[in-house]
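Enquirer: I have a structure I would like to understand better, so I am pasting it below and will then ask my questions one at a time.
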Amino acid sequence: MMFPTPTKLASTAFIFLAILVTSCTQLAPRYDAELYADLTEVNAELMQFFSSVSHGTSKDSYKERSQSYHSLIGKVDALAMQSNTRPIPNKKTLKKINNYLGSADRNLIFEEQPPSVASLQKISSSLNKMREEDEDKGLRSGAVALFKNEVIISMDQALTYESFLNR
């Protein structure tokens, strides 16, 4: 009986390992620790801003908040762009990701861009509407609470998805 030589065994093991590694599929974009850290930082800034206007605002004092709006909207838009730069998986893999996200009772759908991108775009849109209303007539506390709720829901979705990638 003839036994394979150590060289043949090593070659066979190497070929098997190469096939295994190349057949692995990336199920989602890679986790980006810097993006996640930036998201949590912007989230804190957003909550501080909402706290500062929680009792409502007047049109006359809008100029005091103008730069805060621009800064927050710019940061959120930049994070959306950064999140969208990662490659996305194929449709079959997207279906698996969406099934997993759905099983976690999260209202997230991964379509042609990561869910965090859509969530961040929604935050930007909400802040733009809030800024326009603030500039035009000021904000009542009830309106601030509604805008804050929209932002919280969207930020929760973005943070949930980005933390999901860290598995």
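Identifiers in this document derive from the order of the structure tokens: chains are assigned A, B, ..., residues are numbered from 1 separately in each chain, and ligands are numbered from 1 in order of occurrence.
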Taking the DSSP assignment computed from this structure's backbone, write out as a VMD selection string all residues of segment 29-143 of chain A that belong to helix (DSSP H, G or I).

Expert: chain A and resid 33 to 52 59 to 84 91 to 103 115 to 137 141 to 143

Enquirer: Store the residues of this selection in a file with C-alpha atoms, as a compact mmCIF listing (two decimals), in the first residue's frame.

Expert:
# COMPACT_ATOMS: atom_id res chain seq x y z
CA ALA A 33 -15.34 50.98 13.39
CA GLU A 34 -14.62 54.61 12.50
CA LEU A 35 -18.01 55.00 10.82
CA TYR A 36 -19.75 53.49 13.85
CA ALA A 37 -17.83 55.78 16.21
CA ASP A 38 -18.72 58.80 14.07
CA LEU A 39 -22.38 57.74 14.06
CA THR A 40 -22.48 57.54 17.85
CA GLU A 41 -20.75 60.93 18.09
CA VAL A 42 -23.25 62.58 15.71
CA ASN A 43 -26.07 60.90 17.59
CA ALA A 44 -24.90 62.57 20.81
CA GLU A 45 -24.63 65.93 19.02
CA LEU A 46 -28.15 65.53 17.64
CA MET A 47 -29.57 64.75 21.07
CA GLN A 48 -27.76 67.78 22.55
CA PHE A 49 -29.21 69.95 19.81
CA PHE A 50 -32.73 68.63 20.37
CA SER A 51 -32.32 69.24 24.08
CA SER A 52 -31.35 72.86 23.40
CA LYS A 59 -38.16 82.81 14.32
CA ASP A 60 -36.20 85.77 15.69
CA SER A 61 -33.56 83.55 17.29
CA TYR A 62 -33.03 81.27 14.27
CA LYS A 63 -29.64 82.81 13.40
CA GLU A 64 -28.30 81.49 16.72
CA ARG A 65 -29.07 77.92 15.58
CA SER A 66 -28.32 78.25 11.88
CA GLN A 67 -24.73 77.01 12.14
CA SER A 68 -25.80 74.04 14.29
CA TYR A 69 -28.24 72.94 11.60
CA HIS A 70 -25.63 73.26 8.86
CA SER A 71 -23.03 71.40 10.89
CA LEU A 72 -25.34 68.52 11.80
CA ILE A 73 -26.78 68.16 8.30
CA GLY A 74 -23.28 68.22 6.80
CA LYS A 75 -22.02 65.55 9.21
CA VAL A 76 -25.04 63.30 8.59
CA ASP A 77 -24.70 63.68 4.80
CA ALA A 78 -20.98 62.86 5.00
CA LEU A 79 -21.71 59.72 7.04
CA ALA A 80 -24.34 58.62 4.50
CA MET A 81 -21.79 59.03 1.74
CA GLN A 82 -19.14 57.15 3.72
CA SER A 83 -21.55 54.31 4.46
CA ASN A 84 -22.52 54.07 0.81
CA LYS A 91 -29.21 39.70 -4.50
CA LYS A 92 -29.20 36.16 -3.05
CA THR A 93 -27.01 37.29 -0.17
CA LEU A 94 -29.13 40.44 0.31
CA LYS A 95 -32.16 38.20 0.80
CA LYS A 96 -30.34 36.32 3.57
CA ILE A 97 -29.33 39.58 5.23
CA ASN A 98 -32.90 40.91 5.09
CA ASN A 99 -34.24 37.65 6.55
CA TYR A 100 -31.78 37.97 9.42
CA LEU A 101 -32.58 41.63 10.01
CA GLY A 102 -36.31 40.82 9.88
CA SER A 103 -35.88 38.09 12.48
CA PRO A 115 -29.88 50.47 5.37
CA SER A 116 -27.75 52.96 7.26
CA VAL A 117 -27.54 55.12 4.12
CA ALA A 118 -31.33 55.41 3.79
CA SER A 119 -31.64 56.07 7.52
CA LEU A 120 -29.03 58.82 7.42
CA GLN A 121 -30.67 60.37 4.37
CA LYS A 122 -33.97 60.41 6.29
CA ILE A 123 -32.24 62.17 9.21
CA SER A 124 -30.84 64.78 6.83
CA SER A 125 -34.27 65.30 5.29
CA SER A 126 -35.90 65.66 8.72
CA LEU A 127 -33.27 68.17 9.84
CA ASN A 128 -33.71 70.17 6.63
CA LYS A 129 -37.49 70.34 7.15
CA MET A 130 -36.97 71.29 10.79
CA ARG A 131 -34.50 74.02 9.80
CA GLU A 132 -36.92 75.46 7.22
CA GLU A 133 -39.78 75.52 9.69
CA ASP A 134 -37.57 77.02 12.38
CA GLU A 135 -36.37 79.75 10.02
CA ASP A 136 -39.86 80.51 8.67
CA LYS A 137 -41.88 80.63 11.88
CA SER A 141 -42.21 72.12 21.49
CA GLY A 142 -44.60 69.57 19.96
CA ALA A 143 -43.00 70.00 16.53

Enquirer: So that I can see what lies close to Ala145 of chain A, please list as a PyMOL selection string the residues with an atom at most 10 Å from it, counting only C-alpha atoms and leaving out residues fewer than 4 positions away in the same chain.

Expert: chain A and resi 50-51+53-56+139-141+149-151

Enquirer: What is the distance, in Å and to one decimal place, between atom CA of Pro114 of chain A and atom CA of Ile152 of chain A?

Expert: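 So the answer is 18.1 Å.
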
Enquirer: To one decimal place, how far is atom CA of Lys148 of chain A from atom CA of Thr85 of chain A in Å?

Expert: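 The value is 27.3 Å.
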
Enquirer: Using Å and a single decimal, report how far atom CA of Pro87 of chain A sits from atom CA of Ala158 of chain A.

Expert: 16.9 Å
